[in-house]
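With compact mmCIF, C-alpha atoms inside, this is data.txt:
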# COMPACT_ATOMS: atom_id res chain seq x y z
CA MET A 1 84.49 80.44 108.22
CA PRO A 2 84.91 81.37 104.55
CA LEU A 3 85.86 84.97 103.87
CA PRO A 4 84.93 85.57 100.22
CA PHE A 5 86.24 89.15 100.22
CA LEU A 6 89.76 87.81 100.79
CA THR A 7 89.57 85.18 98.03
CA ALA A 8 88.00 87.35 95.35
CA ASP A 9 90.58 86.76 92.66
CA ARG A 10 91.84 83.30 93.62
CA ALA A 11 90.66 82.07 90.21
CA PHE A 12 93.24 84.39 88.62
CA ASP A 13 96.07 82.86 90.63
CA ALA A 14 95.73 79.48 88.93
CA ASN A 15 95.96 80.71 85.34
CA PRO A 16 95.31 84.42 84.70
CA ASP A 17 95.29 84.06 80.91
CA ASP A 18 92.75 81.26 80.87
CA VAL A 19 89.47 83.15 81.22
CA ALA A 20 88.46 86.80 81.53
CA LEU A 21 85.46 86.15 83.79
CA PRO A 22 86.54 83.27 86.03
CA PHE A 23 83.47 83.05 88.26
CA ASP A 24 80.87 80.32 87.77
CA ASP A 25 77.80 82.28 88.89
CA HIS A 26 77.66 85.66 87.19
CA ASP A 27 74.39 86.61 88.93
CA GLU A 28 76.10 87.11 92.31
CA TRP A 29 77.73 90.43 93.15
CA ARG A 30 81.50 89.89 93.35
CA ARG A 31 84.53 92.07 93.84
CA PRO A 32 86.98 91.01 91.09
CA TYR A 33 90.06 91.92 93.15
CA ARG A 34 91.37 91.51 96.68
CA PRO A 35 91.12 94.39 99.14
CA GLY A 36 94.45 96.10 99.60
CA PRO A 37 96.69 96.07 102.65
CA TRP A 38 95.81 99.64 103.61
CA ARG A 39 92.09 98.85 103.73
CA VAL A 40 92.58 95.57 105.60
CA GLY A 41 95.06 97.16 108.02
CA ALA A 42 92.71 100.03 108.87
CA ALA A 43 89.86 97.58 109.46
CA ALA A 44 92.10 95.41 111.66
CA VAL A 45 93.10 98.41 113.78
CA SER A 46 89.44 99.39 114.10
CA LEU A 47 88.51 95.86 115.20
CA LEU A 48 91.38 95.82 117.70
CA LEU A 49 90.17 99.11 119.16
CA ALA A 50 86.62 97.72 119.27
CA SER A 51 87.81 94.71 121.26
CA PHE A 52 89.39 97.00 123.88
CA VAL A 53 86.23 99.10 124.08
CA LEU A 54 84.04 95.99 124.47
CA LEU A 55 86.38 94.69 127.18
CA ALA A 56 86.02 98.04 128.93
CA ALA A 57 82.24 97.71 128.65
CA MET A 58 82.39 94.31 130.33
CA ILE A 59 84.53 95.70 133.16
CA ILE A 60 82.13 98.60 133.61
CA VAL A 61 79.17 96.17 133.80
CA PHE A 62 80.91 94.21 136.55
CA ALA A 63 81.58 97.49 138.36
CA GLY A 64 77.85 98.21 138.34
CA THR A 65 77.50 101.25 136.05
CA LEU A 66 75.11 100.19 133.32
CA SER A 67 74.82 103.56 131.55
CA GLY A 68 78.60 103.75 131.03
CA ALA A 69 78.63 100.16 129.81
CA ALA A 70 75.86 100.96 127.32
CA VAL A 71 77.90 103.85 125.93
CA CYS A 72 81.00 101.65 125.60
CA LEU A 73 78.93 98.90 123.96
CA ALA A 74 77.50 101.38 121.43
CA ILE A 75 80.98 102.71 120.62
CA GLY A 76 82.33 99.17 120.20
CA LEU A 77 79.49 98.14 117.92
CA GLY A 78 79.97 101.34 115.93
CA LEU A 79 83.65 100.54 115.44
CA ILE A 80 82.79 97.01 114.27
CA ALA A 81 80.21 98.37 111.81
CA ALA A 82 82.75 100.91 110.51
CA ALA A 83 85.36 98.19 109.96
CA LEU A 84 82.88 95.99 108.10
CA ARG A 85 81.77 98.88 105.89
CA LEU A 86 85.41 99.69 105.15
CA LEU A 87 86.04 96.10 104.05
CA ARG A 88 82.87 96.12 101.93
CA SER A 89 83.92 99.26 100.02
CA GLY A 90 85.05 98.80 96.45
CA VAL A 91 83.71 97.89 93.02
CA TRP A 92 81.42 94.89 92.67
CA VAL A 93 80.19 93.36 89.40
CA SER A 94 77.53 90.92 88.31
CA ARG A 95 75.56 90.11 85.20
CA HIS A 96 73.14 92.91 86.15
CA GLY A 97 75.62 95.74 86.34
CA LEU A 98 78.39 97.42 88.24
CA ARG A 99 78.15 98.60 91.85
CA ARG A 100 80.54 101.14 93.38
CA VAL A 101 80.31 100.80 97.15
CA GLY A 102 81.75 103.77 99.00
CA TYR A 103 81.99 104.28 102.73
CA PHE A 104 78.79 106.34 102.87
CA THR A 105 77.15 105.84 99.47
CA THR A 106 76.52 103.08 96.97
CA THR A 107 76.00 103.63 93.25
CA THR A 108 74.67 100.88 90.99
CA VAL A 109 74.76 101.21 87.21
CA ALA A 110 73.16 98.64 84.91
CA TRP A 111 75.38 97.47 82.08
CA HIS A 112 73.04 98.81 79.40
CA LYS A 113 73.39 102.31 80.92
CA ALA A 114 77.20 102.19 80.83
CA SER A 115 78.56 103.53 77.58
CA GLU A 116 82.27 103.02 78.30
CA VAL A 117 84.73 101.74 80.91
CA ARG A 118 88.26 102.99 80.33
CA THR A 119 91.59 103.59 82.06
CA VAL A 120 93.02 107.11 81.90
CA GLN A 121 96.05 108.99 83.21
CA GLN A 122 94.93 111.86 85.43
CA PRO A 123 95.46 113.41 88.85
CA VAL A 124 94.00 111.04 91.47
CA ARG A 125 93.45 111.33 95.20
CA TRP A 126 96.03 109.64 97.39
CA LEU A 127 94.25 107.21 99.80
CA GLY A 128 91.06 109.22 99.39
CA LEU A 129 92.63 112.31 100.96
CA PRO A 130 92.45 115.79 99.37
CA ARG A 131 96.06 115.53 98.17
CA THR A 132 96.28 114.56 94.48
CA VAL A 133 99.09 112.83 92.63
CA GLN A 134 99.51 111.79 89.01
CA GLY A 135 98.19 108.28 88.49
CA GLN A 136 95.77 106.02 86.67
CA ALA A 137 92.02 105.83 87.15
CA LEU A 138 89.40 103.45 85.83
CA LEU A 139 86.38 105.51 84.80
CA LEU A 140 82.81 104.52 84.01
CA VAL A 141 81.05 106.76 81.49
CA ARG A 142 77.28 106.53 81.88
CA GLU A 143 74.83 107.24 79.07
CA GLY A 144 73.36 110.71 79.25
CA THR A 145 76.00 112.19 81.57
CA ARG A 146 79.20 114.01 80.80
CA ASP A 147 81.06 113.43 84.05
CA PRO A 148 82.57 109.94 84.39
CA LEU A 149 82.27 107.97 87.61
CA PRO A 150 85.73 107.05 88.98
CA LEU A 151 85.74 103.37 89.93
CA LEU A 152 89.34 102.62 90.89
CA THR A 153 92.62 104.47 91.12
CA ASP A 154 96.12 103.15 91.49
CA HIS A 155 96.55 105.28 94.64
CA ASN A 156 93.47 104.23 96.62
CA ALA A 157 93.44 101.94 99.67
CA ASP A 158 93.24 98.81 97.51
CA PHE A 159 96.03 99.47 95.01
CA LEU A 160 98.61 101.77 96.60
CA SER A 161 102.03 100.27 95.70
CA ARG A 162 100.29 97.39 93.85
CA VAL A 163 100.44 98.47 90.19
CA ASP A 164 100.07 94.92 88.84
CA ALA A 165 96.95 94.35 90.94
CA PHE A 166 95.45 97.61 89.62
CA ASP A 167 96.17 96.63 86.02
CA ARG A 168 94.63 93.18 86.54
CA ALA A 169 91.53 94.64 88.27
CA ALA A 170 91.09 97.27 85.56
CA ASP A 171 91.42 94.64 82.82
CA THR A 172 88.90 92.41 84.59
CA LEU A 173 86.36 95.21 84.98
CA GLU A 174 86.82 96.19 81.34
CA ALA A 175 86.26 92.52 80.38
CA TRP A 176 83.03 92.40 82.41
CA ALA A 177 81.91 95.63 80.74
CA SER A 178 82.66 94.43 77.22
CA GLU A 179 80.91 91.11 77.96
CA TYR A 180 77.68 92.49 79.39
CA ARG A 181 77.27 95.92 77.79
CA THR A 182 76.50 94.24 74.48
CA VAL A 183 74.04 91.69 75.91

Structure re-expressed in structure tokens:
Amino acid sequence: MPLPFLTADRAFDANPDDVALPFDDHDEWRRPYRPGPWRVGAAAVSLLLASFVLLAAMIIVFAGTLSGAAVCLAIGLGLIAAALRLLRSGVWVSRHGLRRVGYFTTTTVAWHKASEVRTVQQPVRWLGLPRTVQGQALLLVREGTRDPLPLLTDHNADFLSRVDAFDRAADTLEAWASEYRTV
């Protein structure tokens, strides 16, 4: 079974200097970087917990208590949905625009409404927690608004301890922006 979210930047592995936008079909929404180990690890733990809960639901069904099994089944399916949403989170790009998928919300900005995509040094949240540290952030400035939309940081679940991956992802997103903002 192909897992496209794990092979997002395989085209960069062959020759990273060859092409800025390595994908053939620019109409599809793609994440131009791989999910980080923190995000994948949290999803794996959630799926492991879901397997134990679903096994418990099966045991409860064989014991004859259907209401308890239904509760365990709902909890297990909720854990699976949470893990999938966690893996889906990130920044996705296509010819149509840029999509920032969060855990609870999704924001889509068309390229003609984006005035600037830039990397800045600023305090950023560490793994999405309230604690802030000094780091880099990739910001999207939308037309008509003063507050920029933070897309990526070098201390989020995808790029913690992966500075080179953050730089490559930021450069790729800036290349997509420069390519399609002018079209």

Checklist entry - Which protein, DNA or RNA residues are at most 6 Å from (84.0, 104.4, 82.2) in the file's coordinates when you count only C-alpha atoms, listed as a count of residues only? => result 6

Item to check | Residues within 7 Å of stretch 79-87 of chain A, only C-alpha atoms, excluding chain neighbours under 2 positions, as a PyMOL selection string | outcome: chain A and resi 39-40+43+46-47+50+75-77+89+103

Checklist outcome for this item: From atom CA of A:Gly90 to atom CA of A:Gln122 the spacing works out at 19.7 Å

Next on the checklist: For a test of reading the model, state the distance in Å between atom CA of A:Leu152 and atom CA of A:Ala137, rounded to one decimal.
Outcome noted: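 That distance, rounded to one decimal, is 5.6 Å.
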
Item to check | Best match for closeness to A:Trp176 among A:Ser94, A:Pro35, A:Met58, A:Ala42, counting all atoms listed in the file | outcome: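 Comparing A:Ser94, A:Pro35, A:Met58, A:Ala42 against A:Trp176, the winner is A:Ser94.
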
Padding of 5 Å on every side, edges along x, y and z, all listed atoms of stretch 145-161 of chain A included: what centre and edge lengths in Å, to one decimal, does that box have, as AutoDock Vina command-line options?
--center_x 89.0 --center_y 106.4 --center_z 90.2 --size_x 36.0 --size_y 25.2 --size_z 28.9

Checklist entry - Suppose you want the space between atom CA of A:Leu98 and atom CA of A:Arg30; what is it in Å? => result 9.6 Å

Because some atoms of stretch 90-118 of chain A are absent here, can you restore N, CA and C atoms and send them as a short mmCIF file (atom, residue, chain, number, x, y, z; two decimals), in the frame of the given file?
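Generated output (selection.cif):
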data_model
loop_
_atom_site.label_atom_id
_atom_site.label_comp_id
_atom_site.auth_asym_id
_atom_site.auth_seq_id
_atom_site.Cartn_x
_atom_site.Cartn_y
_atom_site.Cartn_z
N GLY A 90 84.35 99.21 97.66
CA GLY A 90 85.05 98.80 96.45
C GLY A 90 84.09 98.71 95.28
N VAL A 91 84.53 98.06 94.23
CA VAL A 91 83.71 97.89 93.02
C VAL A 91 83.28 96.43 92.95
N TRP A 92 82.00 96.22 92.75
CA TRP A 92 81.42 94.89 92.67
C TRP A 92 80.73 94.76 91.32
N VAL A 93 80.80 93.58 90.72
CA VAL A 93 80.19 93.36 89.40
C VAL A 93 79.31 92.11 89.43
N SER A 94 78.36 92.10 88.55
CA SER A 94 77.53 90.92 88.31
C SER A 94 76.98 91.04 86.89
N ARG A 95 76.18 90.08 86.52
CA ARG A 95 75.56 90.11 85.20
C ARG A 95 74.63 91.32 85.05
N HIS A 96 74.12 91.82 86.16
CA HIS A 96 73.14 92.91 86.15
C HIS A 96 73.77 94.28 86.01
N GLY A 97 75.00 94.44 86.44
CA GLY A 97 75.62 95.74 86.34
C GLY A 97 76.87 95.86 87.19
N LEU A 98 77.20 97.09 87.49
CA LEU A 98 78.39 97.42 88.24
C LEU A 98 77.96 98.23 89.46
N ARG A 99 78.51 97.91 90.61
CA ARG A 99 78.15 98.60 91.85
C ARG A 99 79.41 99.16 92.48
N ARG A 100 79.42 100.46 92.69
CA ARG A 100 80.54 101.14 93.38
C ARG A 100 80.09 101.41 94.80
N VAL A 101 80.67 100.68 95.75
CA VAL A 101 80.31 100.80 97.15
C VAL A 101 81.34 101.71 97.82
N GLY A 102 80.90 102.87 98.26
CA GLY A 102 81.75 103.77 99.00
C GLY A 102 81.50 103.60 100.49
N TYR A 103 82.17 104.40 101.29
CA TYR A 103 81.99 104.28 102.73
C TYR A 103 80.59 104.74 103.14
N PHE A 104 80.10 105.81 102.51
CA PHE A 104 78.79 106.34 102.87
C PHE A 104 77.72 106.12 101.80
N THR A 105 78.13 105.96 100.55
CA THR A 105 77.15 105.84 99.47
C THR A 105 77.44 104.62 98.60
N THR A 106 76.40 104.17 97.92
CA THR A 106 76.52 103.08 96.97
C THR A 106 75.85 103.50 95.68
N THR A 107 76.53 103.29 94.56
CA THR A 107 76.00 103.63 93.25
C THR A 107 75.97 102.36 92.40
N THR A 108 74.81 102.04 91.86
CA THR A 108 74.67 100.88 90.99
C THR A 108 74.30 101.35 89.60
N VAL A 109 75.02 100.85 88.60
CA VAL A 109 74.76 101.21 87.21
C VAL A 109 74.55 99.92 86.43
N ALA A 110 73.42 99.81 85.76
CA ALA A 110 73.16 98.64 84.91
C ALA A 110 74.09 98.70 83.70
N TRP A 111 74.43 97.52 83.19
CA TRP A 111 75.38 97.47 82.08
C TRP A 111 74.85 98.19 80.85
N HIS A 112 73.55 98.15 80.60
CA HIS A 112 73.04 98.81 79.40
C HIS A 112 73.06 100.33 79.52
N LYS A 113 73.27 100.86 80.73
CA LYS A 113 73.39 102.31 80.92
C LYS A 113 74.84 102.78 80.94
N ALA A 114 75.78 101.84 80.86
CA ALA A 114 77.20 102.19 80.83
C ALA A 114 77.65 102.26 79.37
N SER A 115 78.13 103.42 78.97
CA SER A 115 78.56 103.53 77.58
C SER A 115 80.03 103.16 77.39
N GLU A 116 80.85 103.32 78.45
CA GLU A 116 82.27 103.02 78.30
C GLU A 116 82.93 102.84 79.67
N VAL A 117 83.86 101.91 79.75
CA VAL A 117 84.73 101.74 80.91
C VAL A 117 86.15 101.81 80.38
N ARG A 118 86.92 102.80 80.88
CA ARG A 118 88.26 102.99 80.33
C ARG A 118 89.23 103.42 81.43
#
